[in-house]
file protein-v5.txt (compact mmCIF, C-alpha atoms and all ligand atoms)
# COMPACT_ATOMS: atom_id res chain seq x y z
CA MET A 1 29.06 -3.23 5.84
CA SER A 2 30.92 -2.64 9.06
CA LEU A 3 33.65 -5.20 8.54
CA ALA A 4 36.99 -3.43 8.52
CA PRO A 5 38.89 -3.97 5.24
CA GLU A 6 41.90 -5.32 7.12
CA VAL A 7 39.68 -7.91 8.86
CA ALA A 8 38.19 -8.95 5.51
CA SER A 9 41.64 -9.38 4.00
CA ALA A 10 42.88 -11.28 7.07
CA ILE A 11 39.97 -13.69 6.57
CA ASP A 12 40.72 -14.07 2.87
CA ARG A 13 44.40 -14.72 3.59
CA ALA A 14 43.50 -17.32 6.22
CA VAL A 15 41.33 -19.20 3.71
CA ASP A 16 43.98 -18.90 0.98
CA SER A 17 46.69 -20.24 3.28
CA SER A 18 44.52 -23.33 3.97
CA ALA A 19 43.48 -23.77 0.33
CA ALA A 20 45.66 -26.82 -0.38
CA GLU A 21 44.55 -28.64 2.77
CA LEU A 22 40.92 -27.75 2.20
CA SER A 23 41.12 -28.98 -1.39
CA SER A 24 42.50 -32.35 -0.36
CA LEU A 25 39.92 -32.60 2.43
CA SER A 26 37.17 -31.97 -0.12
CA ALA A 27 38.66 -34.50 -2.56
CA ARG A 28 38.94 -37.21 0.11
CA ILE A 29 35.32 -36.80 1.16
CA HIS A 30 34.29 -36.72 -2.51
CA GLU A 31 36.14 -39.94 -3.27
CA ASN A 32 34.67 -41.70 -0.22
CA PRO A 33 30.94 -41.01 -0.36
CA GLU A 34 29.11 -42.09 2.80
CA LEU A 35 25.35 -42.27 3.24
CA ARG A 36 23.29 -40.52 5.91
CA PHE A 37 24.42 -41.19 9.50
CA GLU A 38 27.36 -43.27 8.19
CA GLU A 39 29.67 -40.31 7.53
CA HIS A 40 32.36 -41.65 9.87
CA LYS A 41 35.33 -41.00 7.58
CA ALA A 42 34.20 -37.50 6.63
CA CYS A 43 33.49 -36.66 10.27
CA ALA A 44 36.93 -37.99 11.32
CA TRP A 45 38.79 -36.06 8.59
CA LEU A 46 36.94 -32.81 9.26
CA THR A 47 37.46 -32.97 13.04
CA GLU A 48 41.10 -33.98 12.51
CA PHE A 49 41.64 -30.89 10.35
CA LEU A 50 40.13 -28.74 13.09
CA THR A 51 42.19 -30.28 15.90
CA THR A 52 45.43 -29.87 13.94
CA ARG A 53 44.45 -26.19 13.77
CA GLY A 54 44.25 -26.10 17.56
CA HIS A 55 40.47 -26.27 17.91
CA THR A 56 38.65 -28.34 20.46
CA VAL A 57 35.98 -30.44 18.79
CA GLU A 58 32.97 -31.96 20.56
CA ARG A 59 31.90 -35.26 19.03
CA ASN A 60 28.59 -37.11 19.37
CA VAL A 61 26.67 -33.84 19.54
CA ALA A 62 22.93 -34.52 20.15
CA GLY A 63 23.83 -38.20 20.51
CA LEU A 64 24.62 -38.43 16.80
CA PRO A 65 27.94 -40.25 16.24
CA THR A 66 28.72 -38.22 13.10
CA ALA A 67 27.73 -34.78 14.41
CA PHE A 68 30.32 -32.41 15.83
CA ARG A 69 30.74 -28.87 17.15
CA ALA A 70 33.61 -26.41 17.56
CA ARG A 71 33.61 -22.92 18.98
CA ALA A 72 35.74 -19.81 18.47
CA GLY A 73 35.45 -16.56 20.40
CA LYS A 74 33.60 -15.99 23.63
CA GLY A 75 30.11 -15.12 24.78
CA ALA A 76 27.06 -13.85 22.93
CA PRO A 77 26.02 -13.21 20.23
CA ARG A 78 26.63 -16.53 18.52
CA ILE A 79 26.44 -17.34 14.84
CA ALA A 80 26.59 -20.90 13.54
CA ILE A 81 28.17 -22.11 10.31
CA LEU A 82 26.77 -25.47 9.27
CA ALA A 83 28.60 -28.29 7.50
CA GLU A 84 26.96 -31.21 5.68
CA TYR A 85 28.93 -34.20 4.40
CA ASP A 86 26.56 -37.04 3.51
CA ALA A 87 26.28 -38.48 0.01
CA LEU A 88 23.58 -40.19 -2.05
CA PRO A 89 23.10 -43.85 -2.96
CA GLY A 90 24.44 -44.66 -6.43
CA VAL A 91 25.48 -41.15 -7.44
CA GLY A 92 27.92 -40.32 -4.62
CA HIS A 93 28.48 -36.65 -3.89
CA ALA A 94 25.91 -35.54 -6.47
CA CYS A 95 24.65 -32.90 -4.03
CA GLY A 96 28.15 -31.51 -3.44
CA HIS A 97 28.05 -31.84 0.34
CA ASN A 98 31.82 -32.38 0.34
CA LEU A 99 32.04 -28.74 -0.79
CA ILE A 100 29.57 -27.62 1.88
CA ALA A 101 31.78 -29.28 4.51
CA THR A 102 34.95 -27.77 3.08
CA GLY A 103 33.45 -24.30 2.83
CA ALA A 104 32.17 -24.50 6.40
CA VAL A 105 35.40 -25.65 8.07
CA GLY A 106 37.37 -23.21 5.90
CA ALA A 107 35.09 -20.38 7.03
CA PHE A 108 35.35 -21.44 10.66
CA VAL A 109 39.15 -21.61 10.86
CA ALA A 110 39.43 -18.25 9.07
CA ALA A 111 36.80 -16.58 11.27
CA ALA A 112 38.48 -18.04 14.36
CA GLU A 113 41.68 -16.16 13.52
CA VAL A 114 39.96 -12.78 13.59
CA VAL A 115 36.91 -13.32 15.80
CA LYS A 116 38.43 -11.60 18.80
CA SER A 117 38.64 -8.35 16.86
CA ALA A 118 34.83 -8.44 16.72
CA GLY A 119 34.72 -7.94 20.49
CA SER A 120 32.28 -10.25 22.23
CA GLY A 121 30.76 -13.09 20.29
CA GLU A 122 31.28 -16.60 19.10
CA VAL A 123 31.39 -18.43 15.79
CA VAL A 124 30.10 -21.98 16.20
CA LEU A 125 30.81 -24.68 13.64
CA LEU A 126 28.20 -27.41 13.53
CA GLY A 127 28.80 -30.67 11.71
CA THR A 128 25.30 -31.79 10.74
CA PRO A 129 24.85 -35.35 9.44
CA ALA A 130 22.23 -36.90 7.19
CA GLU A 131 20.72 -33.99 5.29
CA GLU A 132 19.68 -36.49 2.61
CA GLY A 133 16.55 -37.85 4.24
CA GLY A 134 17.85 -38.31 7.80
CA GLY A 135 17.22 -34.83 9.17
CA GLY A 136 20.30 -34.62 11.37
CA LYS A 137 19.63 -30.94 11.98
CA ILE A 138 16.16 -31.75 13.34
CA SER A 139 17.68 -34.09 15.95
CA MET A 140 20.17 -31.35 16.82
CA ILE A 141 17.36 -28.79 17.19
CA GLU A 142 15.44 -31.17 19.45
CA ALA A 143 18.57 -31.72 21.56
CA GLY A 144 18.85 -27.96 22.15
CA VAL A 145 21.95 -27.42 20.00
CA PHE A 146 20.47 -24.19 18.60
CA ALA A 147 19.24 -22.88 21.95
CA ASP A 148 22.20 -20.51 22.37
CA ILE A 149 22.56 -19.68 18.66
CA ASP A 150 21.40 -16.28 17.33
CA ALA A 151 21.75 -16.91 13.59
CA ALA A 152 22.83 -19.73 11.28
CA MET A 153 24.23 -20.05 7.80
CA MET A 154 25.57 -22.48 5.24
CA PHE A 155 26.05 -22.52 1.49
CA HIS A 156 24.96 -25.08 -1.08
CA PRO A 157 26.40 -25.79 -4.53
CA PHE A 158 24.06 -25.24 -7.50
CA ASP A 159 24.09 -24.25 -11.17
CA ARG A 160 23.62 -20.54 -10.42
CA ASP A 161 24.26 -18.03 -7.63
CA LEU A 162 21.15 -17.32 -5.54
CA LEU A 163 20.99 -15.60 -2.15
CA ALA A 164 17.56 -16.69 -0.98
CA HIS A 165 16.09 -19.48 -3.07
CA ILE A 166 13.03 -21.19 -1.64
CA ALA A 167 13.08 -24.71 -0.17
CA LEU A 168 9.86 -26.67 0.10
CA ALA A 169 8.20 -28.12 3.18
CA SER A 170 8.03 -31.89 2.73
CA LEU A 171 6.76 -35.20 4.06
CA TRP A 172 6.46 -38.80 2.93
CA LEU A 173 3.31 -40.91 2.91
CA THR A 174 3.25 -44.66 2.51
CA PHE A 175 0.09 -46.61 1.72
CA ASP A 176 -0.13 -50.36 2.34
CA PHE A 177 -3.12 -52.01 0.76
CA GLN A 178 -4.39 -55.36 1.99
CA GLY A 179 -6.76 -57.26 -0.32
CA LYS A 180 -7.86 -60.85 -0.72
CA PRO A 181 -5.97 -63.28 -2.95
CA SER A 182 -7.63 -65.63 -5.39
CA HIS A 183 -6.73 -67.42 -8.61
CA ALA A 184 -6.78 -64.72 -11.25
CA ALA A 185 -8.20 -67.09 -13.92
CA ILE A 186 -10.20 -69.71 -12.00
CA ALA A 187 -11.80 -67.39 -9.43
CA PRO A 188 -11.20 -63.70 -10.16
CA HIS A 189 -14.60 -62.93 -8.59
CA ALA A 190 -13.36 -64.24 -5.23
CA GLY A 191 -10.43 -61.82 -4.91
CA LYS A 192 -10.04 -58.20 -3.87
CA SER A 193 -7.15 -56.49 -5.62
CA ALA A 194 -4.79 -54.46 -3.48
CA LEU A 195 -2.97 -53.42 -6.66
CA THR A 196 -6.10 -51.88 -8.19
CA ALA A 197 -6.50 -49.71 -5.10
CA CYS A 198 -2.82 -48.81 -5.24
CA LEU A 199 -3.03 -47.72 -8.91
CA ASP A 200 -6.33 -45.91 -8.36
CA THR A 201 -4.59 -43.86 -5.67
CA PHE A 202 -2.26 -42.45 -8.35
CA ARG A 203 -5.19 -41.70 -10.66
CA LEU A 204 -7.24 -40.02 -7.95
CA ILE A 205 -4.30 -37.87 -6.87
CA ASP A 206 -3.71 -36.82 -10.48
CA GLY A 207 -7.34 -35.75 -10.62
CA GLN A 208 -6.82 -33.51 -7.61
CA ARG A 209 -3.81 -31.67 -9.03
CA VAL A 210 -6.07 -28.91 -10.36
CA HIS A 211 -6.64 -27.96 -6.72
CA PHE A 212 -2.97 -27.73 -5.72
CA ARG A 213 -1.46 -24.30 -5.14
CA ASP A 214 1.67 -23.18 -7.00
CA GLY A 215 4.81 -24.79 -5.66
CA VAL A 216 3.19 -28.07 -4.63
CA ARG A 217 5.06 -31.20 -5.68
CA GLU A 218 3.51 -34.60 -5.30
CA HIS A 219 5.34 -37.62 -6.68
CA GLY A 220 5.24 -41.31 -5.93
CA TYR A 221 6.08 -44.84 -6.98
CA VAL A 222 4.78 -48.35 -6.44
CA THR A 223 6.89 -50.20 -3.88
CA ASN A 224 4.93 -53.45 -4.04
CA GLY A 225 2.92 -54.33 -7.14
CA GLY A 226 1.68 -57.79 -6.26
CA GLN A 227 2.93 -61.33 -5.81
CA ALA A 228 2.38 -63.32 -9.01
CA VAL A 229 0.68 -62.86 -12.38
CA ASN A 230 -1.95 -65.52 -11.67
CA ILE A 231 -2.95 -64.27 -8.23
CA ILE A 232 -5.26 -61.31 -7.62
CA PRO A 233 -2.76 -59.18 -5.65
CA GLU A 234 -3.24 -59.53 -1.92
CA HIS A 235 -0.68 -56.88 -0.99
CA ALA A 236 0.33 -53.69 -2.79
CA ALA A 237 2.02 -50.55 -1.56
CA CYS A 238 3.15 -47.15 -2.76
CA GLU A 239 5.06 -44.21 -1.39
CA PHE A 240 4.57 -40.52 -2.08
CA SER A 241 6.62 -37.44 -1.42
CA VAL A 242 4.50 -34.36 -0.82
CA ARG A 243 6.01 -30.88 -0.88
CA ALA A 244 4.62 -27.36 -0.65
CA LEU A 245 5.75 -23.77 -0.20
CA ASP A 246 4.77 -23.82 3.47
CA THR A 247 3.62 -26.21 6.18
CA THR A 248 -0.03 -25.04 6.02
CA GLU A 249 -0.39 -25.98 2.34
CA LEU A 250 1.56 -29.16 3.02
CA ALA A 251 -1.01 -30.23 5.61
CA ARG A 252 -3.87 -29.43 3.22
CA VAL A 253 -2.35 -31.47 0.37
CA ARG A 254 -1.50 -34.32 2.74
CA ALA A 255 -5.20 -34.56 3.67
CA ILE A 256 -6.16 -34.69 -0.03
CA VAL A 257 -3.64 -37.44 -0.78
CA GLU A 258 -4.78 -39.53 2.20
CA ARG A 259 -8.40 -39.09 1.11
CA CYS A 260 -7.49 -40.40 -2.36
CA ALA A 261 -5.90 -43.53 -0.87
CA ARG A 262 -8.92 -44.18 1.35
CA GLY A 263 -11.25 -43.58 -1.61
CA ALA A 264 -9.28 -46.05 -3.73
CA ALA A 265 -9.37 -48.62 -0.94
CA LEU A 266 -13.14 -48.16 -0.58
CA ALA A 267 -13.67 -48.68 -4.32
CA SER A 268 -11.75 -51.98 -4.28
CA ASP A 269 -13.11 -53.06 -0.89
CA VAL A 270 -9.61 -53.48 0.53
CA GLU A 271 -7.92 -52.15 3.63
CA VAL A 272 -5.33 -49.37 3.59
CA ARG A 273 -2.76 -48.59 6.24
CA ILE A 274 -1.35 -45.07 6.10
CA ALA A 275 2.01 -44.04 7.55
CA VAL A 276 3.56 -40.59 7.51
CA ARG A 277 7.19 -39.68 7.88
CA HIS A 278 7.72 -36.01 8.46
CA GLY A 279 10.18 -34.33 6.18
CA TYR A 280 11.57 -30.83 6.31
CA LYS A 281 10.11 -27.40 6.85
CA ASP A 282 10.21 -24.67 4.22
CA MET A 283 13.16 -22.30 4.25
CA ILE A 284 12.59 -18.86 5.78
CA ASN A 285 15.45 -16.85 4.33
CA ASN A 286 16.55 -13.97 6.53
CA MET A 287 17.00 -11.28 3.88
CA ALA A 288 19.02 -8.90 6.06
CA LEU A 289 21.63 -11.60 6.61
CA ALA A 290 21.36 -12.93 3.03
CA ARG A 291 21.98 -9.46 1.59
CA ARG A 292 25.00 -8.98 3.81
CA PHE A 293 26.34 -12.33 2.59
CA GLY A 294 25.65 -11.07 -0.95
CA ALA A 295 27.61 -7.88 -0.27
CA HIS A 296 30.59 -10.01 0.72
CA THR A 297 30.36 -12.35 -2.29
CA GLY A 298 29.99 -9.19 -4.39
CA SER A 299 33.29 -7.84 -3.15
CA LEU A 300 34.77 -11.28 -3.86
CA GLY A 301 33.61 -10.99 -7.48
CA ARG A 302 30.24 -12.78 -7.51
CA GLN A 303 26.86 -11.09 -7.48
CA PRO A 304 24.09 -13.57 -6.70
CA ARG A 305 20.49 -12.77 -7.59
CA GLU A 306 18.10 -12.97 -4.69
CA ARG A 307 15.74 -15.50 -6.28
CA ASP A 308 15.07 -17.22 -9.58
CA ASP A 309 11.56 -18.53 -10.04
CA SER A 310 12.51 -20.24 -13.31
CA ILE A 311 14.18 -23.06 -11.41
CA GLY A 312 12.53 -25.59 -9.09
CA ALA A 313 13.35 -26.14 -5.46
CA GLY A 314 14.06 -29.10 -3.21
CA SER A 315 13.79 -29.54 0.52
CA THR A 316 16.43 -29.29 3.25
CA ASP A 317 16.61 -29.66 7.02
CA MET A 318 18.14 -26.17 7.00
CA GLY A 319 14.47 -25.20 6.57
CA ASP A 320 13.81 -26.55 10.06
CA VAL A 321 16.75 -24.54 11.39
CA SER A 322 15.28 -21.43 9.74
CA HIS A 323 12.12 -21.88 11.84
CA VAL A 324 14.22 -21.83 15.03
CA VAL A 325 16.79 -19.08 14.38
CA PRO A 326 17.30 -16.51 11.60
CA ALA A 327 19.09 -18.42 8.84
CA ILE A 328 20.41 -18.28 5.30
CA HIS A 329 21.10 -21.01 2.75
CA PRO A 330 22.61 -19.27 -0.29
CA TRP A 331 23.30 -21.29 -3.44
CA LEU A 332 26.52 -20.88 -5.41
CA ALA A 333 27.26 -22.23 -8.87
CA ILE A 334 29.77 -25.01 -9.48
CA VAL A 335 28.59 -25.62 -13.07
CA ASP A 336 27.27 -23.41 -15.84
CA ARG A 337 23.61 -22.52 -15.63
CA GLY A 338 21.52 -25.44 -16.87
CA GLU A 339 24.56 -27.72 -17.30
CA ALA A 340 23.59 -30.00 -14.38
CA LEU A 341 21.55 -29.95 -11.19
CA CYS A 342 21.86 -31.57 -7.78
CA HIS A 343 21.48 -35.38 -7.67
CA GLU A 344 22.74 -35.84 -11.26
CA ARG A 345 26.00 -37.64 -12.12
CA ARG A 346 27.41 -34.59 -13.88
CA PHE A 347 26.86 -32.61 -10.68
CA ALA A 348 28.84 -35.22 -8.73
CA GLU A 349 31.75 -34.71 -11.16
CA ALA A 350 31.51 -30.96 -10.68
CA ALA A 351 31.63 -31.42 -6.90
CA GLY A 352 35.09 -32.94 -7.38
CA SER A 353 36.31 -30.33 -9.87
CA THR A 354 38.61 -27.33 -9.46
CA THR A 355 35.60 -25.09 -10.19
CA GLY A 356 33.80 -26.78 -7.31
CA ILE A 357 36.59 -26.25 -4.82
CA GLY A 358 37.05 -22.69 -6.09
CA THR A 359 33.43 -21.97 -5.23
CA ALA A 360 33.78 -23.62 -1.80
CA LEU A 361 36.82 -21.47 -0.97
CA MET A 362 35.00 -18.32 -2.09
CA ALA A 363 32.03 -19.41 0.04
CA ALA A 364 34.38 -19.94 3.00
CA LYS A 365 35.59 -16.34 2.71
CA ALA A 366 32.09 -14.95 2.30
CA MET A 367 30.69 -16.96 5.23
CA ALA A 368 33.59 -16.09 7.53
CA ARG A 369 33.28 -12.41 6.61
CA THR A 370 29.51 -12.51 7.17
CA ALA A 371 29.89 -14.28 10.53
CA VAL A 372 32.47 -11.84 11.87
CA ASP A 373 30.50 -8.93 10.42
CA TYR A 374 27.36 -10.16 12.21
CA LEU A 375 29.19 -10.31 15.55
CA ALA A 376 30.68 -6.84 15.08
CA ASP A 377 27.69 -4.99 13.63
CA GLY A 378 24.88 -4.26 16.08
CA GLU A 379 22.78 -2.64 13.36
CA LEU A 380 22.93 -5.76 11.22
CA ARG A 381 21.94 -7.90 14.20
CA ALA A 382 19.03 -5.57 14.94
CA ALA A 383 17.85 -5.80 11.31
CA VAL A 384 18.15 -9.60 11.37
CA SER A 385 16.17 -9.76 14.63
CA ALA A 386 13.48 -7.32 13.49
CA GLU A 387 12.90 -9.36 10.32
CA TRP A 388 12.83 -12.55 12.41
CA SER A 389 10.25 -11.13 14.81
CA ALA A 390 8.05 -10.03 11.88
CA ARG A 391 8.11 -13.41 10.09
CA GLY A 392 4.80 -14.93 9.11
CA ARG A 393 2.89 -11.70 9.68
ZN ZN B 401 22.22 -31.04 -0.76
call {"tool": "encode", "arguments": {"input": "protein-v5.txt", "output": "structure tokens"}}
result
Amino acid sequence: MSLAPEVASAIDRAVDSSAAELSSLSARIHENPELRFEEHKACAWLTEFLTTRGHTVERNVAGLPTAFRARAGKGAPRIAILAEYDALPGVGHACGHNLIATGAVGAFVAAAEVVKSAGSGEVVLLGTPAEEGGGGKISMIEAGVFADIDAAMMFHPFDRDLLAHIALASLWLTFDFQGKPSHAAIAPHAGKSALTACLDTFRLIDGQRVHFRDGVREHGYVTNGGQAVNIIPEHAACEFSVRALDTTELARVRAIVERCARGAALASDVEVRIAVRHGYKDMINNMALARRFGAHTGSLGRQPRERDDSIGAGSTDMGDVSHVVPAIHPWLAIVDRGEALCHERRFAEAAGSTTGIGTALMAAKAMARTAVDYLADGELRAAVSAEWSARGR
């Protein structure tokens, strides 16, 4: 670690001196959950906090009304710290994105105070909307927001500390079946059941699970099950989420799932319309950067494991970022191991707890230290780049 001890303690002091403000910021966002692309309050409060600290904030980044960007320092290299702040329908901040936002702005304001001592280089704060199904980061990538960025990081709340947990590549498939209606009692022979094809799709997919590689997830539900009990269903529809460890396996499983839907439609002599919505890419964790982050959390009293294969994984648009620049997405506990997981009500409570904010403030220190360290340490940057160049080999 090349970060001078006095720089590390200056960062820690900067986070500590903002702790009360950061806590209330986190609480306000937590109490006002907003869904993807509607995070207007959270975006306003976060940018307001930054401007009161003297930072210039760009709004409407990539044409997204709830995306923002702030910069500290000057010139290359540039490391980005990413904030998320969207919530979930029904369960509010059950993914703890209020803590991600708080940790990110806390890290940015602290890093900004010392970034000049790193020499050349810039810390860039990116407010990224709609992680929950909207893929705000993908729009930002497409708009060139990451073109001048050399590395990116964020943290995510969890039930355990992990430096480099996997995240799955994902997509959604919808199947609309079109049959022929008839009276289900008077003339069942005259109808063609869209529902039968829809249900057969589930059965056929289940039959194919023996061919899925480890890490594949394939789960669906019926979105339209028919029109009335006495009509052979003319319309039926279902939606599936498909996930895999990488985009190659994802494409293979997608082809299997589509084949099952077409096979089911053939059996019932109905039509099927297939639509795909692309999800997120798998997460490529840059281990050189992740381990440096781990060294900093270690000196702050927490020693994350690198991975834990006993726990499942979700998907995140940070995965897409990790295919564009070297990136990390460490997970830090806000509950006891096994007590609750993301998207559960108990996890939403934890995201509003003192333990939750304590973790976000620790994450702020560790991210700010890692960012400034990255700008100051040419050897670390070389290791990050070498690993990046060798990815997928
Ligand atoms: Zn999340």
call {"tool": "residues_near_ligand", "arguments": {"input": "protein-v5.txt", "ligand": "ligand ZN 401 (chain B)", "cutoff": "10 Å", "atoms": "all atoms listed in the file", "output": "PyMOL selection string"}}
result
chain A and resi 84-88+93-98+100+130-132+155-158+314-317+342-343
call {"tool": "closest_atom_pairs", "arguments": {"input": "protein-v5.txt", "of": "region 109-184 of chain A", "to": "region 295-304 of chain A", "cutoff": "10 Å", "atoms": "all atoms listed in the file", "output": "Markdown table"}}
result
| residue | atom | partner | partner_atom | distance |
| --- | --- | --- | --- | --- |
| A:Arg160 | CA | A:Pro304 | CA | 7.9 |
| A:Asp161 | CA | A:Pro304 | CA | 4.6 |
| A:Leu162 | CA | A:Pro304 | CA | 4.9 |
| A:Leu163 | CA | A:Pro304 | CA | 5.9 |
| A:Ala164 | CA | A:Pro304 | CA | 9.2 |
call {"tool": "residues_near_point", "arguments": {"input": "protein-v5.txt", "point": "(-2.1, -51.3, -3.4)", "cutoff": "8 Å", "atoms": "all atoms listed in the file", "output": "ChimeraX atom specification"}}
result
/A:175-178,193-199,224-225,235-238,272
call {"tool": "residues_around", "arguments": {"input": "protein-v5.txt", "residues": "region 239-248 of chain A", "least_positions_apart": "6", "cutoff": "7 Å", "atoms": "only C-alpha atoms", "output": "JSON list (two decimals) with C-alpha atoms, in the coordinates of the input"}}
result
[["chain", "number", "residue", "atom", "x", "y", "z"],
["A", 168, "LEU", "CA", 9.86, -26.67, 0.10],
["A", 169, "ALA", "CA", 8.20, -28.12, 3.18],
["A", 170, "SER", "CA", 8.03, -31.89, 2.73],
["A", 171, "LEU", "CA", 6.76, -35.20, 4.06],
["A", 172, "TRP", "CA", 6.46, -38.80, 2.93],
["A", 173, "LEU", "CA", 3.31, -40.91, 2.91],
["A", 174, "THR", "CA", 3.25, -44.66, 2.51],
["A", 175, "PHE", "CA", 0.09, -46.61, 1.72],
["A", 215, "GLY", "CA", 4.81, -24.79, -5.66],
["A", 216, "VAL", "CA", 3.19, -28.07, -4.63],
["A", 217, "ARG", "CA", 5.06, -31.20, -5.68],
["A", 218, "GLU", "CA", 3.51, -34.60, -5.30],
["A", 219, "HIS", "CA", 5.34, -37.62, -6.68],
["A", 220, "GLY", "CA", 5.24, -41.31, -5.93],
["A", 221, "TYR", "CA", 6.08, -44.84, -6.98],
["A", 222, "VAL", "CA", 4.78, -48.35, -6.44],
["A", 223, "THR", "CA", 6.89, -50.20, -3.88],
["A", 254, "ARG", "CA", -1.50, -34.32, 2.74],
["A", 281, "LYS", "CA", 10.11, -27.40, 6.85],
["A", 282, "ASP", "CA", 10.21, -24.67, 4.22]]
call {"tool": "residues_around", "arguments": {"input": "protein-v5.txt", "residues": "Glu31 (chain A)", "least_positions_apart": "5", "cutoff": "9 Å", "atoms": "only C-alpha atoms", "output": "MDAnalysis selection string"}}
result
chainID A and resid 26 92:93 352
call {"tool": "atom_distance", "arguments": {"input": "protein-v5.txt", "atom1": "CA of Arg28 (chain A)", "atom2": "CA of Asp320 (chain A)"}}
result
29.1 Å
call {"tool": "residues_around", "arguments": {"input": "protein-v5.txt", "residues": "Leu126 (chain A)", "least_positions_apart": "5", "cutoff": "8 Å", "atoms": "all atoms listed in the file", "output": "ChimeraX atom specification"}}
result
/A:67-70,80-83
call {"tool": "write_last_selection", "arguments": {"input": "protein-v5.txt", "atoms": "C-alpha atoms", "output": "mmCIF file, in the coordinates of the input"}}
result
data_model
loop_
_atom_site.group_PDB
_atom_site.id
_atom_site.type_symbol
_atom_site.label_atom_id
_atom_site.label_comp_id
_atom_site.auth_asym_id
_atom_site.auth_seq_id
_atom_site.Cartn_x
_atom_site.Cartn_y
_atom_site.Cartn_z
ATOM 1 C CA ALA A 67 27.730 -34.780 14.410
ATOM 2 C CA PHE A 68 30.320 -32.410 15.830
ATOM 3 C CA ARG A 69 30.740 -28.870 17.150
ATOM 4 C CA ALA A 70 33.610 -26.410 17.560
ATOM 5 C CA ALA A 80 26.590 -20.900 13.540
ATOM 6 C CA ILE A 81 28.170 -22.110 10.310
ATOM 7 C CA LEU A 82 26.770 -25.470 9.270
ATOM 8 C CA ALA A 83 28.600 -28.290 7.500
#
call {"tool": "closest_residue", "arguments": {"input": "protein-v5.txt", "among": "A:Gly319, A:Gly263, A:Pro77, A:Gly226", "to": "Val115 (chain A)", "atoms": "only C-alpha atoms"}}
result
A:Pro77
call {"tool": "atom_distance", "arguments": {"input": "protein-v5.txt", "atom1": "CA of Ala62 (chain A)", "atom2": "CA of Ala143 (chain A)"}}
result
5.4 Å
call {"tool": "residues_around", "arguments": {"input": "protein-v5.txt", "residues": "Val15 (chain A)", "least_positions_apart": "4", "cutoff": "12 Å", "atoms": "only C-alpha atoms", "output": "ChimeraX atom specification"}}
result
/A:8-11,19-23,102-114,358,360-369
call {"tool": "write_last_selection", "arguments": {"input": "protein-v5.txt", "atoms": "C-alpha atoms", "output": "PDB file, keeping the file's coordinate frame"}}
result
ATOM      1  CA  ALA A   8      38.190  -8.950   5.510  1.00  0.00           C
ATOM      2  CA  SER A   9      41.640  -9.380   4.000  1.00  0.00           C
ATOM      3  CA  ALA A  10      42.880 -11.280   7.070  1.00  0.00           C
ATOM      4  CA  ILE A  11      39.970 -13.690   6.570  1.00  0.00           C
ATOM      5  CA  ALA A  19      43.480 -23.770   0.330  1.00  0.00           C
ATOM      6  CA  ALA A  20      45.660 -26.820  -0.380  1.00  0.00           C
ATOM      7  CA  GLU A  21      44.550 -28.640   2.770  1.00  0.00           C
ATOM      8  CA  LEU A  22      40.920 -27.750   2.200  1.00  0.00           C
ATOM      9  CA  SER A  23      41.120 -28.980  -1.390  1.00  0.00           C
ATOM     10  CA  THR A 102      34.950 -27.770   3.080  1.00  0.00           C
ATOM     11  CA  GLY A 103      33.450 -24.300   2.830  1.00  0.00           C
ATOM     12  CA  ALA A 104      32.170 -24.500   6.400  1.00  0.00           C
ATOM     13  CA  VAL A 105      35.400 -25.650   8.070  1.00  0.00           C
ATOM     14  CA  GLY A 106      37.370 -23.210   5.900  1.00  0.00           C
ATOM     15  CA  ALA A 107      35.090 -20.380   7.030  1.00  0.00           C
ATOM     16  CA  PHE A 108      35.350 -21.440  10.660  1.00  0.00           C
ATOM     17  CA  VAL A 109      39.150 -21.610  10.860  1.00  0.00           C
ATOM     18  CA  ALA A 110      39.430 -18.250   9.070  1.00  0.00           C
ATOM     19  CA  ALA A 111      36.800 -16.580  11.270  1.00  0.00           C
ATOM     20  CA  ALA A 112      38.480 -18.040  14.360  1.00  0.00           C
ATOM     21  CA  GLU A 113      41.680 -16.160  13.520  1.00  0.00           C
ATOM     22  CA  VAL A 114      39.960 -12.780  13.590  1.00  0.00           C
ATOM     23  CA  GLY A 358      37.050 -22.690  -6.090  1.00  0.00           C
ATOM     24  CA  ALA A 360      33.780 -23.620  -1.800  1.00  0.00           C
ATOM     25  CA  LEU A 361      36.820 -21.470  -0.970  1.00  0.00           C
ATOM     26  CA  MET A 362      35.000 -18.320  -2.090  1.00  0.00           C
ATOM     27  CA  ALA A 363      32.030 -19.410   0.040  1.00  0.00           C
ATOM     28  CA  ALA A 364      34.380 -19.940   3.000  1.00  0.00           C
ATOM     29  CA  LYS A 365      35.590 -16.340   2.710  1.00  0.00           C
ATOM     30  CA  ALA A 366      32.090 -14.950   2.300  1.00  0.00           C
ATOM     31  CA  MET A 367      30.690 -16.960   5.230  1.00  0.00           C
ATOM     32  CA  ALA A 368      33.590 -16.090   7.530  1.00  0.00           C
ATOM     33  CA  ARG A 369      33.280 -12.410   6.610  1.00  0.00           C
TER      34      ARG A 369
END
call {"tool": "closest_residue", "arguments": {"input": "protein-v5.txt", "among": "A:Gly144, A:Pro33, A:Pro330, A:Pro65", "to": "Phe293 (chain A)", "atoms": "only C-alpha atoms"}}
result
A:Pro330
call {"tool": "closest_residue", "arguments": {"input": "protein-v5.txt", "among": "A:Thr355, A:Met283, A:Val257, A:Ala371", "to": "Leu125 (chain A)", "atoms": "all atoms listed in the file"}}
result
A:Ala371
